[in-house]
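Visitor: Provided herewith is a single structure, encoded as structure tokens, for subsequent inquiry.
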Amino acid sequence: MTMTRIAILGANGRMGRALIRALAADPKAELASAQVRPGNSLIGVDAGSLAGIDALGVNLGTDIRGDVVIDFTSPQNTALMAADCAKHGRALIVGTTGLDGAQKAALTDAANKVPVVFAPNMSVGVNLLLGLVELASKVLGDTVDIEVLEAHHRHKKDAPSGTALALGEAAAKALGRDLKDCAVYGREGITGERDRQTIGFATVRAGDIIGEHTVLFAGDGERIELTHKAHNRDTFATGALRAAHWVVGKGPGLYDMKDVLGLNG
Ligand SMILES: NC(=O)C1=CN([C@@H]2O[C@H](COP(=O)(O)OP(=O)(O)OC[C@H]3O[C@@H](n4cnc5c(N)ncnc54)[C@H](OP(=O)(O)O)[C@@H]3O)[C@@H](O)[C@H]2O)C=CC1
Ligand SMILES: O=C(O)C1=N[C@H](C(=O)O)C[C@H](O)C1
């Protein structure tokens, strides 16, 4: 059996630990390295022990080894790691959200040299939801108000979530709108009546909510709510592993989860 040799970045993070557990349960994946920041007190601890499973014989460290790197860290780190992967000829799977234009450009640059899969949500359900939102937007068109609602845990640093933005993009694209021009990020005070051409975003940050997204299509007399709720982080971790297997042997390029799942036509 051919094994996919995987490097996990930010191995001590919430997603890092979920990835270690998912990888340990995947017979076709081998943990090549589990990276943490230099000086982290966990260096030398077995990755499996950290993730609450049996020891895996791979200790947390600062090296990056393997053929495919999985990154769920921070936008700044992701941009640096993209350049590093391009330099060392490693494929890269990026789940990190909140990247600015320059950080996204770092991924595009790396994608000229190596394959890069970049998706704000690696779950199958959310990637199906993106297609459903596109369909609903096309059918309902300008007869409804569209709002994207999202809720996440109190530790999340970016808002709206990367997934919420992708859902808004999917609706805007289907309607021939540019999200840059029609997005409304929260409301306060005397806002005036709602403009039907806008797409609204509402953000909740509370407790340990893993990740919930609803796209609301509200018309006169009826509404549709398309909702996805993640019950745990395994759904993101197994999606990232699926991407890691898929990317092996692919040429340089920027891909997304729809490519991985065969949903791009
Ligand atoms: N695409 C998807 O399906 C999903 C995406 N995400 C995204 O993944 C990212 C991580 O989420 P989560 O795991 O909850 O976050 P955590 O804060 O739990 O983990 C982040 C990890 O990245 C490390 N890190 C951050 N910055 C740096 C840096 N500059 N250099 C080295 N290491 C760094 C942290 O190290 P340290 O502890 O030392 O700070 C930590 O190990 C977020 O952007 C989130 O939105 C999350 C879930 C699903
Ligand atoms: O930070 C998180 O936790 C999550 N982030 C992603 C996002 O910003 O969309 C995906 C998921 O909902 C969890």
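Quick note on naming: the chains in the structure tokens go A, B, ... in the order shown, residues restart at 1 in each chain, and ligands are numbered from 1 in order of appearance.
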Can you tell me which residues surround region 169-180 of chain A at a distance of at most 10 Å, considering only C-alpha atoms, apart from same-chain residues fewer than 5 positions away, and format the answer as a PyMOL selection string?

Guide: chain A and resi 129-142+146-148+163-164+197-199+215

Visitor: Contacts between region 22-46 of chain A and region 155-240 of chain A, please, where a residue of region 155-240 of chain A counts if it comes within 10 Å (with only C-alpha atoms); show its shortest atom pair and distance in Å to one decimal, rows by chain and ascending number, as a tab-separated table.

Guide:
residue	atom	partner	partner_atom	distance
A:Arg233	CA	A:Ala22	CA	9.8
A:Asp234	CA	A:Ala22	CA	6.9
A:Thr235	CA	A:Ala22	CA	9.4
A:Phe236	CA	A:Ala22	CA	9.7
A:Ala237	CA	A:Ala22	CA	6.3
A:Thr238	CA	A:Ala22	CA	6.1
A:Gly239	CA	A:Ala22	CA	9.7
A:Ala240	CA	A:Ala22	CA	9.5

Visitor: Which chains and residue numbers are within 6 Å of ligand 1, counting only C-alpha atoms and all ligand atoms, if I want them as a ChimeraX atom specification?

Guide: /A:10-16,36-37,72-74,76-77,95-97,119-122,236

Visitor: Where in region 109-218 of chain A does DSSP assign alpha helix (DSSP H), given as number ranges by chain?

Guide: A: 109-110, 124-140, 162-174, 179-182

Visitor: Give me a file of those residues, with N, CA and C atoms, as a short mmCIF file (atom, residue, chain, number, x, y, z; two decimals), in the first residue's frame.

Guide:
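Output file result_13.cif is given in full below:
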data_model
loop_
_atom_site.label_atom_id
_atom_site.label_comp_id
_atom_site.auth_asym_id
_atom_site.auth_seq_id
_atom_site.Cartn_x
_atom_site.Cartn_y
_atom_site.Cartn_z
N ASP A 109 1.32 32.28 -5.47
CA ASP A 109 2.72 32.16 -5.88
C ASP A 109 3.20 30.73 -5.70
N ALA A 110 2.92 30.16 -4.53
CA ALA A 110 3.37 28.79 -4.25
C ALA A 110 2.73 27.82 -5.24
N VAL A 124 -17.46 17.76 3.93
CA VAL A 124 -18.24 17.43 2.73
C VAL A 124 -19.55 18.21 2.76
N GLY A 125 -20.17 18.27 3.95
CA GLY A 125 -21.48 18.92 4.07
C GLY A 125 -21.45 20.38 3.66
N VAL A 126 -20.43 21.12 4.09
CA VAL A 126 -20.38 22.54 3.74
C VAL A 126 -20.13 22.71 2.24
N ASN A 127 -19.33 21.82 1.66
CA ASN A 127 -19.07 21.97 0.22
C ASN A 127 -20.31 21.62 -0.60
N LEU A 128 -21.14 20.72 -0.08
CA LEU A 128 -22.45 20.48 -0.70
C LEU A 128 -23.34 21.71 -0.52
N LEU A 129 -23.29 22.28 0.68
CA LEU A 129 -24.10 23.48 0.98
C LEU A 129 -23.79 24.62 0.00
N LEU A 130 -22.51 24.76 -0.35
CA LEU A 130 -22.13 25.83 -1.30
C LEU A 130 -22.91 25.68 -2.61
N GLY A 131 -23.04 24.43 -3.07
CA GLY A 131 -23.79 24.17 -4.31
C GLY A 131 -25.28 24.44 -4.12
N LEU A 132 -25.81 24.09 -2.95
CA LEU A 132 -27.24 24.32 -2.68
C LEU A 132 -27.55 25.82 -2.62
N VAL A 133 -26.62 26.57 -2.06
CA VAL A 133 -26.81 28.03 -1.97
C VAL A 133 -26.81 28.65 -3.36
N GLU A 134 -25.92 28.15 -4.20
CA GLU A 134 -25.86 28.65 -5.58
C GLU A 134 -27.21 28.39 -6.27
N LEU A 135 -27.72 27.16 -6.11
CA LEU A 135 -28.99 26.80 -6.75
C LEU A 135 -30.13 27.66 -6.21
N ALA A 136 -30.22 27.77 -4.88
CA ALA A 136 -31.31 28.55 -4.28
C ALA A 136 -31.23 30.01 -4.72
N SER A 137 -30.02 30.54 -4.82
CA SER A 137 -29.86 31.95 -5.23
C SER A 137 -30.35 32.13 -6.66
N LYS A 138 -30.01 31.17 -7.52
CA LYS A 138 -30.43 31.29 -8.93
C LYS A 138 -31.95 31.21 -9.05
N VAL A 139 -32.57 30.29 -8.29
CA VAL A 139 -34.03 30.09 -8.40
C VAL A 139 -34.78 31.28 -7.80
N LEU A 140 -34.32 31.75 -6.63
CA LEU A 140 -35.07 32.78 -5.91
C LEU A 140 -34.71 34.20 -6.37
N GLY A 162 -14.44 32.15 7.43
CA GLY A 162 -14.10 31.92 6.02
C GLY A 162 -15.24 31.24 5.29
N THR A 163 -15.93 30.35 5.98
CA THR A 163 -17.06 29.64 5.36
C THR A 163 -18.20 30.60 5.05
N ALA A 164 -18.51 31.49 6.00
CA ALA A 164 -19.59 32.46 5.78
C ALA A 164 -19.28 33.31 4.55
N LEU A 165 -18.03 33.73 4.42
CA LEU A 165 -17.64 34.54 3.26
C LEU A 165 -17.79 33.73 1.97
N ALA A 166 -17.40 32.45 2.02
CA ALA A 166 -17.52 31.60 0.82
C ALA A 166 -19.00 31.41 0.46
N LEU A 167 -19.86 31.27 1.47
CA LEU A 167 -21.30 31.13 1.20
C LEU A 167 -21.85 32.42 0.58
N GLY A 168 -21.41 33.55 1.10
CA GLY A 168 -21.82 34.84 0.54
C GLY A 168 -21.34 35.00 -0.89
N GLU A 169 -20.10 34.57 -1.14
CA GLU A 169 -19.54 34.63 -2.51
C GLU A 169 -20.36 33.77 -3.46
N ALA A 170 -20.75 32.57 -2.98
CA ALA A 170 -21.51 31.65 -3.83
C ALA A 170 -22.85 32.29 -4.23
N ALA A 171 -23.51 32.92 -3.24
CA ALA A 171 -24.80 33.57 -3.53
C ALA A 171 -24.59 34.75 -4.48
N ALA A 172 -23.59 35.58 -4.17
CA ALA A 172 -23.35 36.77 -4.99
C ALA A 172 -23.04 36.39 -6.43
N LYS A 173 -22.18 35.38 -6.59
CA LYS A 173 -21.78 34.96 -7.94
C LYS A 173 -23.00 34.47 -8.73
N ALA A 174 -23.83 33.68 -8.08
CA ALA A 174 -25.01 33.14 -8.76
C ALA A 174 -25.96 34.25 -9.20
N LEU A 179 -19.52 40.52 -4.27
CA LEU A 179 -19.69 40.56 -2.81
C LEU A 179 -19.05 41.80 -2.20
N LYS A 180 -17.96 42.25 -2.79
CA LYS A 180 -17.27 43.46 -2.28
C LYS A 180 -18.23 44.65 -2.21
N ASP A 181 -19.13 44.71 -3.22
CA ASP A 181 -20.03 45.87 -3.31
C ASP A 181 -21.33 45.68 -2.53
N CYS A 182 -21.73 44.43 -2.30
CA CYS A 182 -23.09 44.25 -1.73
C CYS A 182 -23.09 43.68 -0.30
#

Visitor: Going by DSSP on the backbone, which residues of region 49-184 of chain A come out as strand (DSSP E or B)? List them as a list in words.

Guide: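 Assigned to strand (DSSP E or B), within region 49-184 of chain A: Asn59, Leu60, Gly61, Val68, Val69, Ile70, Asp71, Ala91, Leu92, Ile93, Val94, Pro115, Val116, Val117, Phe118, Asp145, Ile146, Glu147, Val148, Leu149, Glu150, Ala151, His152, Ala183 and Val184 of chain A.
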
Visitor: When distances are computed from only C-alpha atoms and all ligand atoms, which of A:Ala159, A:Ala206, A:Leu80, A:Met257 shows the smallest separation from ligand 2?

Guide: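 Between A:Ala159, A:Ala206, A:Leu80, A:Met257, the residue approaching ligand 2 most closely is A:Ala159.
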
Visitor: Write out as a list of chain:residue names the residues lying within 10 Å of Lys87 (chain A), counting only C-alpha atoms and excluding same-chain residues fewer than 4 positions away.

Guide: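 Returned residues: A:Met81, A:Ala82, A:Ala83, A:Ala110, A:Lys113, A:Val114.
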
Visitor: Just the selected residues (C-alpha atoms), exported as a PDB file, in the first residue's frame, please.

Guide:
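In the end it all went to result18.pdb:
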ATOM      1  CA  MET A  81       4.695  28.062   4.999  1.00  0.00           C
ATOM      2  CA  ALA A  82       3.426  28.383   1.426  1.00  0.00           C
ATOM      3  CA  ALA A  83       6.805  29.795   0.372  1.00  0.00           C
ATOM      4  CA  ALA A 110       3.366  28.789  -4.250  1.00  0.00           C
ATOM      5  CA  LYS A 113       5.460  25.503  -8.180  1.00  0.00           C
ATOM      6  CA  VAL A 114       3.483  22.945  -6.150  1.00  0.00           C
TER       7      VAL A 114
END

Visitor: Could you please determine the separation between CA of Glu150 (chain A) and CA of Arg205 (chain A) in Å, to one decimal place?

Guide: 8.6 Å

Visitor: One number please: CA of Lys104 (chain A) to CA of Leu254 (chain A), in Å, one decimal.

Guide: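 A separation of 10.6 Å between them.
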
Visitor: Could you tell me which of A:Arg242, A:Arg196, A:Arg17, A:Arg65 comes closest to Gly262 (chain A) if we count only C-alpha atoms?

Guide: A:Arg242
